[in-house]
file coords_27.cif (mmCIF, C-alpha atoms and all ligand atoms)
data_query
#
loop_
_atom_site.label_atom_id
_atom_site.label_comp_id
_atom_site.auth_asym_id
_atom_site.auth_seq_id
_atom_site.Cartn_x
_atom_site.Cartn_y
_atom_site.Cartn_z
CA MET P 506 -117.02 50.80 50.77
CA THR P 507 -115.87 49.94 47.23
CA ARG P 508 -116.40 46.31 46.38
CA GLY P 509 -113.60 44.22 44.94
CA GLN P 510 -113.19 43.30 41.31
CA HIS P 511 -114.34 39.75 41.96
CA GLY P 512 -116.16 39.75 45.28
CA SER P 513 -116.79 41.63 48.45
CA ILE P 514 -113.22 41.57 49.73
CA ARG P 515 -110.50 43.38 47.84
CA LEU P 516 -107.01 42.05 47.15
CA GLY P 517 -104.13 44.48 46.97
CA VAL P 518 -101.01 42.90 45.51
CA ASN P 519 -97.72 44.28 46.77
CA ILE P 520 -95.11 44.15 44.00
CA ASP P 521 -92.08 45.33 46.02
CA HIS P 522 -90.20 42.08 45.67
CA VAL P 523 -90.35 42.05 41.89
CA ALA P 524 -88.24 45.18 42.25
CA THR P 525 -86.00 43.40 44.79
CA ILE P 526 -85.14 40.80 42.14
CA ARG P 527 -84.65 43.46 39.45
CA ASN P 528 -82.35 45.45 41.71
CA ALA P 529 -80.21 42.39 42.47
CA ARG P 530 -78.82 42.84 38.93
CA GLY P 531 -79.67 46.44 38.12
CA GLY P 532 -81.31 46.88 34.72
CA ARG P 533 -85.01 46.65 34.02
CA HIS P 534 -85.97 42.99 34.38
CA PRO P 535 -88.25 41.91 35.99
CA ASP P 536 -90.38 45.03 35.63
CA PRO P 537 -92.73 45.71 38.58
CA LEU P 538 -95.20 47.46 36.25
CA ARG P 539 -95.50 44.34 34.10
CA ALA P 540 -96.09 42.34 37.30
CA ALA P 541 -98.72 44.86 38.36
CA HIS P 542 -100.59 44.46 35.05
CA LEU P 543 -100.45 40.66 35.41
CA ALA P 544 -101.74 40.87 38.99
CA VAL P 545 -104.69 43.02 37.88
CA GLU P 546 -105.42 40.61 35.02
CA ALA P 547 -105.45 37.78 37.58
CA GLY P 548 -107.91 39.48 39.93
CA ALA P 549 -106.06 42.05 42.04
CA ASP P 550 -108.22 45.06 42.87
CA GLY P 551 -105.28 47.33 43.50
CA ILE P 552 -101.50 47.49 43.59
CA THR P 553 -99.44 48.31 46.63
CA ALA P 554 -95.84 49.51 46.56
CA HIS P 555 -93.60 50.65 49.40
CA LEU P 556 -91.18 53.44 48.54
CA ARG P 557 -88.57 53.04 51.24
CA GLU P 558 -86.19 55.76 52.29
CA ASP P 559 -83.23 53.62 51.14
CA ARG P 560 -84.99 52.69 47.81
CA ARG P 561 -83.99 49.06 48.35
CA HIS P 562 -86.77 47.83 46.05
CA ILE P 563 -89.33 50.23 44.55
CA SER P 564 -87.85 53.36 42.95
CA ASP P 565 -89.25 56.83 42.36
CA THR P 566 -89.54 55.99 38.65
CA ASP P 567 -91.55 52.86 39.50
CA ILE P 568 -94.03 54.99 41.43
CA ALA P 569 -94.37 57.45 38.54
CA ARG P 570 -94.92 54.64 36.03
CA LEU P 571 -97.37 52.77 38.27
CA LYS P 572 -99.37 55.92 38.87
CA SER P 573 -99.57 56.89 35.21
CA GLU P 574 -100.16 53.43 33.71
CA LEU P 575 -102.15 51.40 36.23
CA THR P 576 -105.83 50.85 35.58
CA ARG P 577 -106.47 50.05 39.25
CA PRO P 578 -105.88 52.06 42.43
CA LEU P 579 -102.33 52.52 43.67
CA ASN P 580 -101.73 52.25 47.41
CA LEU P 581 -98.41 53.89 48.25
CA GLU P 582 -96.84 52.65 51.47
CA MET P 583 -94.45 55.14 52.99
CA ALA P 584 -92.94 56.51 56.16
CA ALA P 585 -94.42 59.77 57.43
CA THR P 586 -91.41 61.89 56.46
CA PRO P 587 -91.27 65.25 54.67
CA GLU P 588 -89.57 63.64 51.65
CA MET P 589 -92.24 60.95 51.27
CA LEU P 590 -95.02 63.47 51.80
CA ARG P 591 -93.64 65.57 48.92
CA ILE P 592 -93.50 62.50 46.67
CA ALA P 593 -97.06 61.47 47.58
CA LEU P 594 -98.38 64.96 46.89
CA ARG P 595 -96.61 64.95 43.52
CA HIS P 596 -98.08 61.64 42.35
CA VAL P 597 -101.42 61.63 44.21
CA PRO P 598 -101.95 57.88 44.59
CA ASN P 599 -105.41 56.60 45.48
CA ALA P 600 -104.25 55.89 49.03
CA CYS P 601 -101.20 56.28 51.21
CA CYS P 602 -100.53 53.75 53.92
CA LEU P 603 -98.27 55.26 56.57
CA VAL P 604 -95.88 52.67 57.99
CA PRO P 605 -93.06 52.77 60.53
CA GLU P 606 -89.66 52.43 58.92
CA ARG P 607 -86.25 51.69 60.29
CA ARG P 608 -83.28 51.42 57.96
CA GLU P 609 -81.94 48.26 59.56
CA GLU P 610 -85.19 46.29 59.46
CA ARG P 611 -85.68 43.61 56.84
CA THR P 612 -89.38 44.38 56.49
CA THR P 613 -91.94 46.53 58.29
CA GLU P 614 -91.68 45.34 61.87
CA GLY P 615 -94.67 46.17 64.05
CA GLY P 616 -97.27 48.84 63.52
CA LEU P 617 -97.10 52.62 63.74
CA ASP P 618 -96.95 54.12 67.22
CA VAL P 619 -100.01 56.26 66.55
CA VAL P 620 -100.52 57.12 70.23
CA GLY P 621 -96.92 58.26 70.77
CA GLN P 622 -96.54 60.00 67.42
CA LYS P 623 -99.96 61.55 67.14
CA LYS P 624 -98.58 65.10 66.99
CA SER P 625 -96.11 64.42 64.19
CA LEU P 626 -98.57 62.27 62.22
CA ALA P 627 -101.40 64.83 62.33
CA PRO P 628 -100.04 67.27 59.69
CA VAL P 629 -99.05 64.41 57.36
CA VAL P 630 -102.54 62.92 57.59
CA SER P 631 -104.21 66.26 56.99
CA ASP P 632 -101.94 67.23 54.05
CA LEU P 633 -102.58 63.90 52.33
CA LYS P 634 -106.32 64.14 52.91
CA ALA P 635 -106.40 67.72 51.64
CA ALA P 636 -104.86 66.44 48.39
CA GLY P 637 -107.69 63.89 48.03
CA ILE P 638 -105.52 60.91 49.02
CA ARG P 639 -107.10 58.32 51.28
CA VAL P 640 -105.01 57.83 54.40
CA SER P 641 -104.36 54.44 55.92
CA LEU P 642 -102.40 53.80 59.11
CA PHE P 643 -100.59 50.47 59.50
CA ILE P 644 -101.11 49.50 63.13
CA GLU P 645 -101.13 46.59 65.51
CA PRO P 646 -104.68 45.47 66.38
CA ASP P 647 -104.45 47.49 69.56
CA ILE P 648 -107.56 49.34 70.73
CA ARG P 649 -105.71 52.51 71.76
CA ALA P 650 -103.94 52.68 68.40
CA ILE P 651 -107.26 52.21 66.61
CA GLU P 652 -108.92 54.98 68.64
CA ALA P 653 -105.98 57.30 68.05
CA SER P 654 -106.20 56.58 64.30
CA ALA P 655 -109.85 57.61 64.29
CA GLU P 656 -109.03 60.76 66.28
CA LEU P 657 -106.35 61.63 63.73
CA GLY P 658 -108.95 61.49 60.95
CA ALA P 659 -107.48 58.48 59.10
CA ASP P 660 -109.83 56.90 56.55
CA ILE P 661 -108.43 53.41 56.97
CA VAL P 662 -106.53 51.26 59.43
CA GLU P 663 -104.49 48.37 58.09
CA LEU P 664 -104.15 45.79 60.85
CA HIS P 665 -100.72 44.15 61.05
CA THR P 666 -101.10 40.39 60.65
CA GLY P 667 -97.40 39.63 61.06
CA ARG P 668 -97.59 38.25 64.56
CA TYR P 669 -100.48 35.94 63.64
CA CYS P 670 -98.55 34.67 60.61
CA ASP P 671 -95.42 34.10 62.71
CA TYR P 672 -97.39 31.94 65.15
CA ALA P 673 -98.96 30.04 62.26
CA ALA P 674 -95.54 29.44 60.66
CA ASP P 675 -94.30 28.05 63.98
CA ASP P 676 -97.33 25.74 64.18
CA ASP P 677 -98.39 27.50 67.37
CA ALA P 678 -102.15 27.07 67.00
CA LYS P 679 -102.91 28.61 70.38
CA GLY P 680 -100.85 31.72 69.68
CA ALA P 681 -102.36 32.05 66.19
CA ALA P 682 -105.91 31.71 67.56
CA ALA P 683 -105.25 34.39 70.19
CA GLU P 684 -103.94 36.75 67.51
CA ILE P 685 -106.95 36.09 65.28
CA GLU P 686 -109.16 37.00 68.21
CA ARG P 687 -107.20 40.23 68.72
CA LEU P 688 -107.44 41.05 65.01
CA ALA P 689 -111.19 40.32 64.93
CA LYS P 690 -111.80 42.52 67.95
CA GLY P 691 -109.66 45.26 66.44
CA ALA P 692 -111.59 45.03 63.17
CA THR P 693 -114.92 45.36 65.00
CA VAL P 694 -113.80 48.37 67.02
CA ALA P 695 -112.29 50.10 63.98
CA ASP P 696 -115.42 49.51 61.92
CA LYS P 697 -117.61 50.91 64.71
CA LEU P 698 -115.44 54.03 64.76
CA GLY P 699 -116.10 54.49 61.03
CA LEU P 700 -112.66 53.37 59.86
CA GLU P 701 -112.31 51.17 56.78
CA VAL P 702 -110.48 48.01 57.82
CA HIS P 703 -107.62 46.50 55.84
CA ALA P 704 -105.13 43.86 56.96
CA GLY P 705 -101.86 42.45 55.81
CA HIS P 706 -98.27 41.33 56.31
CA GLY P 707 -96.97 37.81 56.00
CA LEU P 708 -100.22 36.32 54.68
CA THR P 709 -100.02 33.04 52.77
CA PHE P 710 -102.42 30.47 51.28
CA ASN P 711 -102.47 28.85 54.74
CA THR P 712 -103.18 31.96 56.78
CA VAL P 713 -105.49 34.06 54.62
CA ALA P 714 -108.87 32.42 55.34
CA PRO P 715 -109.51 33.63 58.93
CA LEU P 716 -108.86 37.22 57.83
CA ALA P 717 -110.96 36.88 54.68
CA ARG P 718 -113.84 35.63 56.86
CA MET P 719 -113.90 38.76 59.05
CA PRO P 720 -116.90 40.77 57.82
CA GLU P 721 -115.34 44.16 58.65
CA VAL P 722 -112.15 43.50 56.67
CA VAL P 723 -112.59 44.96 53.18
CA GLU P 724 -109.06 44.61 51.82
CA LEU P 725 -106.03 42.39 52.26
CA ASN P 726 -102.59 43.46 51.06
CA ILE P 727 -100.30 40.59 50.19
CA GLY P 728 -96.85 40.62 48.62
CA HIS P 729 -93.83 38.55 49.61
CA PHE P 730 -95.57 35.18 49.60
CA LEU P 731 -97.23 35.80 46.22
CA ILE P 732 -94.00 36.83 44.52
CA GLY P 733 -92.21 33.82 46.04
CA GLU P 734 -95.01 31.49 45.03
CA ALA P 735 -94.95 32.92 41.49
CA ILE P 736 -91.50 31.35 41.10
CA PHE P 737 -93.03 27.91 41.53
CA GLY P 738 -96.03 28.72 39.34
CA GLY P 739 -93.89 30.23 36.60
CA LEU P 740 -90.48 28.53 36.61
CA ASN P 741 -91.69 25.51 34.66
CA ALA P 742 -92.99 27.68 31.79
CA ALA P 743 -89.87 29.89 31.79
CA VAL P 744 -87.47 26.91 31.65
CA ARG P 745 -89.55 25.23 28.94
CA ARG P 746 -89.44 28.37 26.80
CA MET P 747 -85.67 28.69 27.22
CA ARG P 748 -85.24 24.99 26.39
CA PHE P 749 -87.38 25.50 23.26
CA LEU P 750 -85.47 28.59 22.10
CA MET P 751 -82.09 26.89 22.60
CA ASP P 752 -83.14 23.71 20.83
CA GLU P 753 -84.75 25.65 17.99
CA ALA P 754 -81.60 27.76 17.46
CA ARG P 755 -79.35 24.68 17.57
CA ALA P 756 -81.61 22.74 15.18
CA LYS P 757 -81.20 25.49 12.56
CA VAL P 758 -77.40 25.26 12.85
CA SER P 759 -77.40 21.45 12.46
CA THR P 760 -79.63 21.69 9.36
CA ARG P 761 -77.24 24.22 7.82
CA VAL P 762 -74.18 22.10 8.65
CA SER P 763 -75.63 18.87 7.29
CA ALA P 764 -77.15 20.51 4.15
N1 LIG O 1 -99.16 45.83 54.35
C1 LIG O 1 -98.15 46.65 54.74
C2 LIG O 1 -98.50 47.93 55.40
C3 LIG O 1 -96.81 46.30 54.50
O1 LIG O 1 -95.82 47.13 54.91
C4 LIG O 1 -96.53 45.10 53.81
C5 LIG O 1 -95.10 44.76 53.51
O2 LIG O 1 -94.55 45.73 52.67
C6 LIG O 1 -97.60 44.30 53.41
C7 LIG O 1 -98.90 44.67 53.71
C8 LIG O 1 -97.39 43.04 52.67
O3 LIG O 1 -96.70 42.13 53.45
P1 LIG O 1 -96.13 40.81 52.78
O4 LIG O 1 -95.15 41.26 51.73
O5 LIG O 1 -95.48 40.10 53.91
O6 LIG O 1 -97.29 40.09 52.19
#
call {"tool": "encode", "arguments": {"input": "coords_27.cif", "output": "structure tokens"}}
result
Amino acid sequence: MTRGQHGSIRLGVNIDHVATIRNARGGRHPDPLRAAHLAVEAGADGITAHLREDRRHISDTDIARLKSELTRPLNLEMAATPEMLRIALRHVPNACCLVPERREERTTEGGLDVVGQKKSLAPVVSDLKAAGIRVSLFIEPDIRAIEASAELGADIVELHTGRYCDYAADDDAKGAAAEIERLAKGATVADKLGLEVHAGHGLTFNTVAPLARMPEVVELNIGHFLIGEAIFGGLNAAVRRMRFLMDEARAKVSTRVSA
């Protein structure tokens, strides 16, 4: 197990939604690679990006730039399709996290059906592994899915924390506690089977601690909340700088006029 940059649990920052904002206008700003560098500077151990079939956020060029310029491992999230497999084999990221993907979904809903899709996943897992890419399967904390992941030869399982976070957001303490129990049990079983345990989806400042406390969990992947929160951490400085630049430019004009 590789230790994190700053402690024993690694943080993977998902920068998809920097690209979502960029794509709202086209053009190049804000640049996901710049965000990735900032995240690493701030303590991220790795960067995660999901190249979706519809390219709604991260683009092929983003993946190429991230792979060639990042100083930390790149975790490429992708559907197990022939197109994505070709892209992964071209760029050889540190890890590939296979996720279910439906065009109409807003985000990754639920984990991979590893039991039902074992046959179609097997060649994708083995091709990625043969290329030296670590393979992670994004699954619900379900014992059968965890066992099937081990049988498939995955290196990692990423446990889906979405349901836990939904309960927490609804202030359903009982539901959240039950999900934490399911995640903890899943983490123990996966670890015993020799799988590296990651977790993620929907995590926030309020929900991260119980996952970070689980001894078997070595990495958390967090995106949407961090990018949203960055607005509140960064808007003040951005508005101040704009205010300064406007006032400075106007002050020069007034001096010229009155001189
Ligand atoms: N892990 C996986 C496998 C994901 O698909 C996502 C969402 O792209 C995340 C983690 C991060 O989820 P969030 O953006 O809600 O933090």
call {"tool": "residues_around", "arguments": {"input": "coords_27.cif", "residues": "region 686-692 of chain P", "least_positions_apart": "3", "cutoff": "6 Å", "atoms": "all atoms listed in the file", "output": "list in words"}}
result
Pro646, Ala683, Ala695 and Glu721 of chain P
call {"tool": "write_last_selection", "arguments": {"input": "coords_27.cif", "atoms": "C-alpha atoms", "output": "compact mmCIF listing (two decimals), in the coordinates of the input"}}
result
# COMPACT_ATOMS: atom_id res chain seq x y z
CA PRO P 646 -104.68 45.47 66.38
CA ALA P 683 -105.25 34.39 70.19
CA ALA P 695 -112.29 50.10 63.98
CA GLU P 721 -115.34 44.16 58.65
call {"tool": "residues_near_ligand", "arguments": {"input": "coords_27.cif", "ligand": "ligand LIG 1 (chain O)", "cutoff": "9 Å", "atoms": "only C-alpha atoms and all ligand atoms", "output": "JSON, numbers by chain"}}
result
{"P": [517, 518, 519, 520, 521, 522, 553, 554, 555, 582, 583, 602, 603, 604, 605, 612, 613, 614, 616, 641, 642, 643, 644, 663, 664, 665, 666, 667, 703, 704, 705, 706, 707, 708, 709, 725, 726, 727, 728, 729, 730, 731, 732]}
call {"tool": "atom_distance", "arguments": {"input": "coords_27.cif", "atom1": "CA of Glu558 (chain P)", "atom2": "CA of Asp647 (chain P)"}}
result
26.5 Å
call {"tool": "residues_around", "arguments": {"input": "coords_27.cif", "residues": "Ile526 (chain P)", "least_positions_apart": "3", "cutoff": "12 Å", "atoms": "only C-alpha atoms", "output": "JSON, numbers by chain"}}
result
{"P": [520, 521, 522, 523, 529, 530, 531, 532, 533, 534, 535, 536, 537, 561, 562, 563, 729, 732, 733, 736]}
call {"tool": "atom_distance", "arguments": {"input": "coords_27.cif", "atom1": "CA of Leu626 (chain P)", "atom2": "CA of Ala650 (chain P)"}}
result
12.6 Å
call {"tool": "closest_residue", "arguments": {"input": "coords_27.cif", "among": "P:Gly615, P:Asn599, P:Phe710, P:Glu656", "to": "Glu734 (chain P)", "atoms": "only C-alpha atoms"}}
result
P:Phe710
call {"tool": "closest_residue", "arguments": {"input": "coords_27.cif", "among": "P:Leu633, P:Ala735, P:Leu556, P:Asp676", "to": "Thr712 (chain P)", "atoms": "all atoms listed in the file"}}
result
P:Asp676
call {"tool": "atom_distance", "arguments": {"input": "coords_27.cif", "atom1": "CA of Thr576 (chain P)", "atom2": "CA of Asp550 (chain P)"}}
result
9.6 Å
call {"tool": "axis_aligned_box", "arguments": {"input": "coords_27.cif", "around": "region 732-738 of chain P", "padding_each_side": "4 Å", "output": "lines of an AutoDock Vina configuration file"}}
result
center_x = -93.8
center_y = 32.4
center_z = 42.7
size_x = 12.5
size_y = 16.9
size_z = 14.7
call {"tool": "residues_near_point", "arguments": {"input": "coords_27.cif", "point": "(-96.3, 51.5, 35.6)", "cutoff": "10 Å", "atoms": "only C-alpha atoms", "output": "list in words"}}
result
Asp536, Pro537, Leu538, Arg539, Ala540, Ala541, His542, Thr566, Asp567, Ile568, Ala569, Arg570, Leu571, Lys572, Ser573, Glu574, Leu575 and Thr576 of chain P
call {"tool": "closest_residue", "arguments": {"input": "coords_27.cif", "among": "P:Pro578, P:Val629, P:Arg557, P:Glu753", "to": "Glu610 (chain P)", "atoms": "all atoms listed in the file"}}
result
P:Arg557
call {"tool": "residues_around", "arguments": {"input": "coords_27.cif", "residues": "Arg639 (chain P)", "least_positions_apart": "5", "cutoff": "8 Å", "atoms": "all atoms listed in the file", "output": "list in words"}}
result
Asn599, Ala600, Cys601, Leu633, Lys634, Ala659, Asp660 and Ile661 of chain P
call {"tool": "closest_residue", "arguments": {"input": "coords_27.cif", "among": "P:Pro715, P:Gly621, P:Gly548, P:Pro628", "to": "Thr586 (chain P)", "atoms": "all atoms listed in the file"}}
result
P:Pro628
call {"tool": "closest_residue", "arguments": {"input": "coords_27.cif", "among": "P:Arg595, P:Arg577, P:Asn741, P:Glu645", "to": "Tyr669 (chain P)", "atoms": "all atoms listed in the file"}}
result
P:Glu645
call {"tool": "residues_around", "arguments": {"input": "coords_27.cif", "residues": "Ala636 (chain P)", "least_positions_apart": "6", "cutoff": "10 Å", "atoms": "all atoms listed in the file", "output": "PyMOL selection string"}}
result
chain P and resi 593-595+597-598
call {"tool": "build_atoms", "arguments": {"input": "coords_27.cif", "residues": "region 676-697 of chain P", "atoms": "N, CA, C and O atoms", "output": "PDB file, in the frame of the given file"}}
result
ATOM      1  N   ASP P 676     -96.323  26.737  63.786  1.00  0.00           N
ATOM      2  CA  ASP P 676     -97.330  25.740  64.180  1.00  0.00           C
ATOM      3  C   ASP P 676     -97.823  25.947  65.603  1.00  0.00           C
ATOM      4  O   ASP P 676     -98.135  24.978  66.303  1.00  0.00           O
ATOM      5  N   ASP P 677     -97.875  27.181  66.036  1.00  0.00           N
ATOM      6  CA  ASP P 677     -98.390  27.500  67.370  1.00  0.00           C
ATOM      7  C   ASP P 677     -99.872  27.870  67.223  1.00  0.00           C
ATOM      8  O   ASP P 677    -100.229  29.050  67.064  1.00  0.00           O
ATOM      9  N   ALA P 678    -100.718  26.862  67.272  1.00  0.00           N
ATOM     10  CA  ALA P 678    -102.150  27.070  67.000  1.00  0.00           C
ATOM     11  C   ALA P 678    -102.782  27.969  68.050  1.00  0.00           C
ATOM     12  O   ALA P 678    -103.651  28.791  67.735  1.00  0.00           O
ATOM     13  N   LYS P 679    -102.325  27.817  69.297  1.00  0.00           N
ATOM     14  CA  LYS P 679    -102.910  28.610  70.380  1.00  0.00           C
ATOM     15  C   LYS P 679    -102.559  30.097  70.191  1.00  0.00           C
ATOM     16  O   LYS P 679    -103.418  30.977  70.298  1.00  0.00           O
ATOM     17  N   GLY P 680    -101.303  30.342  69.904  1.00  0.00           N
ATOM     18  CA  GLY P 680    -100.850  31.720  69.680  1.00  0.00           C
ATOM     19  C   GLY P 680    -101.576  32.328  68.479  1.00  0.00           C
ATOM     20  O   GLY P 680    -102.029  33.481  68.530  1.00  0.00           O
ATOM     21  N   ALA P 681    -101.698  31.550  67.400  1.00  0.00           N
ATOM     22  CA  ALA P 681    -102.360  32.050  66.190  1.00  0.00           C
ATOM     23  C   ALA P 681    -103.824  32.376  66.484  1.00  0.00           C
ATOM     24  O   ALA P 681    -104.341  33.415  66.059  1.00  0.00           O
ATOM     25  N   ALA P 682    -104.493  31.497  67.248  1.00  0.00           N
ATOM     26  CA  ALA P 682    -105.910  31.710  67.560  1.00  0.00           C
ATOM     27  C   ALA P 682    -106.090  32.975  68.404  1.00  0.00           C
ATOM     28  O   ALA P 682    -107.031  33.757  68.178  1.00  0.00           O
ATOM     29  N   ALA P 683    -105.162  33.189  69.343  1.00  0.00           N
ATOM     30  CA  ALA P 683    -105.250  34.390  70.190  1.00  0.00           C
ATOM     31  C   ALA P 683    -105.076  35.653  69.340  1.00  0.00           C
ATOM     32  O   ALA P 683    -105.766  36.655  69.543  1.00  0.00           O
ATOM     33  N   GLU P 684    -104.169  35.585  68.380  1.00  0.00           N
ATOM     34  CA  GLU P 684    -103.940  36.750  67.510  1.00  0.00           C
ATOM     35  C   GLU P 684    -105.142  37.008  66.609  1.00  0.00           C
ATOM     36  O   GLU P 684    -105.508  38.149  66.340  1.00  0.00           O
ATOM     37  N   ILE P 685    -105.752  35.923  66.127  1.00  0.00           N
ATOM     38  CA  ILE P 685    -106.950  36.090  65.280  1.00  0.00           C
ATOM     39  C   ILE P 685    -108.058  36.763  66.087  1.00  0.00           C
ATOM     40  O   ILE P 685    -108.764  37.642  65.582  1.00  0.00           O
ATOM     41  N   GLU P 686    -108.143  36.382  67.348  1.00  0.00           N
ATOM     42  CA  GLU P 686    -109.160  37.000  68.210  1.00  0.00           C
ATOM     43  C   GLU P 686    -108.877  38.504  68.360  1.00  0.00           C
ATOM     44  O   GLU P 686    -109.779  39.335  68.294  1.00  0.00           O
ATOM     45  N   ARG P 687    -107.594  38.835  68.565  1.00  0.00           N
ATOM     46  CA  ARG P 687    -107.200  40.230  68.720  1.00  0.00           C
ATOM     47  C   ARG P 687    -107.491  41.022  67.434  1.00  0.00           C
ATOM     48  O   ARG P 687    -107.986  42.144  67.464  1.00  0.00           O
ATOM     49  N   LEU P 688    -107.197  40.391  66.294  1.00  0.00           N
ATOM     50  CA  LEU P 688    -107.440  41.050  65.010  1.00  0.00           C
ATOM     51  C   LEU P 688    -108.946  41.249  64.783  1.00  0.00           C
ATOM     52  O   LEU P 688    -109.382  42.312  64.320  1.00  0.00           O
ATOM     53  N   ALA P 689    -109.734  40.234  65.135  1.00  0.00           N
ATOM     54  CA  ALA P 689    -111.190  40.320  64.930  1.00  0.00           C
ATOM     55  C   ALA P 689    -111.782  41.426  65.803  1.00  0.00           C
ATOM     56  O   ALA P 689    -112.637  42.209  65.360  1.00  0.00           O
ATOM     57  N   LYS P 690    -111.310  41.482  67.042  1.00  0.00           N
ATOM     58  CA  LYS P 690    -111.800  42.520  67.950  1.00  0.00           C
ATOM     59  C   LYS P 690    -111.387  43.905  67.434  1.00  0.00           C
ATOM     60  O   LYS P 690    -112.194  44.850  67.410  1.00  0.00           O
ATOM     61  N   GLY P 691    -110.147  44.002  66.997  1.00  0.00           N
ATOM     62  CA  GLY P 691    -109.660  45.260  66.440  1.00  0.00           C
ATOM     63  C   GLY P 691    -110.486  45.690  65.239  1.00  0.00           C
ATOM     64  O   GLY P 691    -110.852  46.860  65.093  1.00  0.00           O
ATOM     65  N   ALA P 692    -110.811  44.723  64.377  1.00  0.00           N
ATOM     66  CA  ALA P 692    -111.590  45.030  63.170  1.00  0.00           C
ATOM     67  C   ALA P 692    -112.975  45.548  63.550  1.00  0.00           C
ATOM     68  O   ALA P 692    -113.477  46.509  62.959  1.00  0.00           O
ATOM     69  N   THR P 693    -113.580  44.936  64.566  1.00  0.00           N
ATOM     70  CA  THR P 693    -114.920  45.360  65.000  1.00  0.00           C
ATOM     71  C   THR P 693    -114.882  46.782  65.548  1.00  0.00           C
ATOM     72  O   THR P 693    -115.708  47.621  65.192  1.00  0.00           O
ATOM     73  N   VAL P 694    -113.903  47.041  66.413  1.00  0.00           N
ATOM     74  CA  VAL P 694    -113.800  48.370  67.020  1.00  0.00           C
ATOM     75  C   VAL P 694    -113.546  49.431  65.939  1.00  0.00           C
ATOM     76  O   VAL P 694    -114.192  50.486  65.916  1.00  0.00           O
ATOM     77  N   ALA P 695    -112.628  49.135  65.035  1.00  0.00           N
ATOM     78  CA  ALA P 695    -112.290  50.100  63.980  1.00  0.00           C
ATOM     79  C   ALA P 695    -113.519  50.392  63.116  1.00  0.00           C
ATOM     80  O   ALA P 695    -113.814  51.548  62.793  1.00  0.00           O
ATOM     81  N   ASP P 696    -114.226  49.348  62.756  1.00  0.00           N
ATOM     82  CA  ASP P 696    -115.420  49.510  61.920  1.00  0.00           C
ATOM     83  C   ASP P 696    -116.462  50.375  62.631  1.00  0.00           C
ATOM     84  O   ASP P 696    -117.068  51.267  62.034  1.00  0.00           O
ATOM     85  N   LYS P 697    -116.639  50.119  63.925  1.00  0.00           N
ATOM     86  CA  LYS P 697    -117.610  50.910  64.710  1.00  0.00           C
ATOM     87  C   LYS P 697    -117.223  52.377  64.756  1.00  0.00           C
ATOM     88  O   LYS P 697    -118.078  53.259  64.838  1.00  0.00           O
TER      89      LYS P 697
END
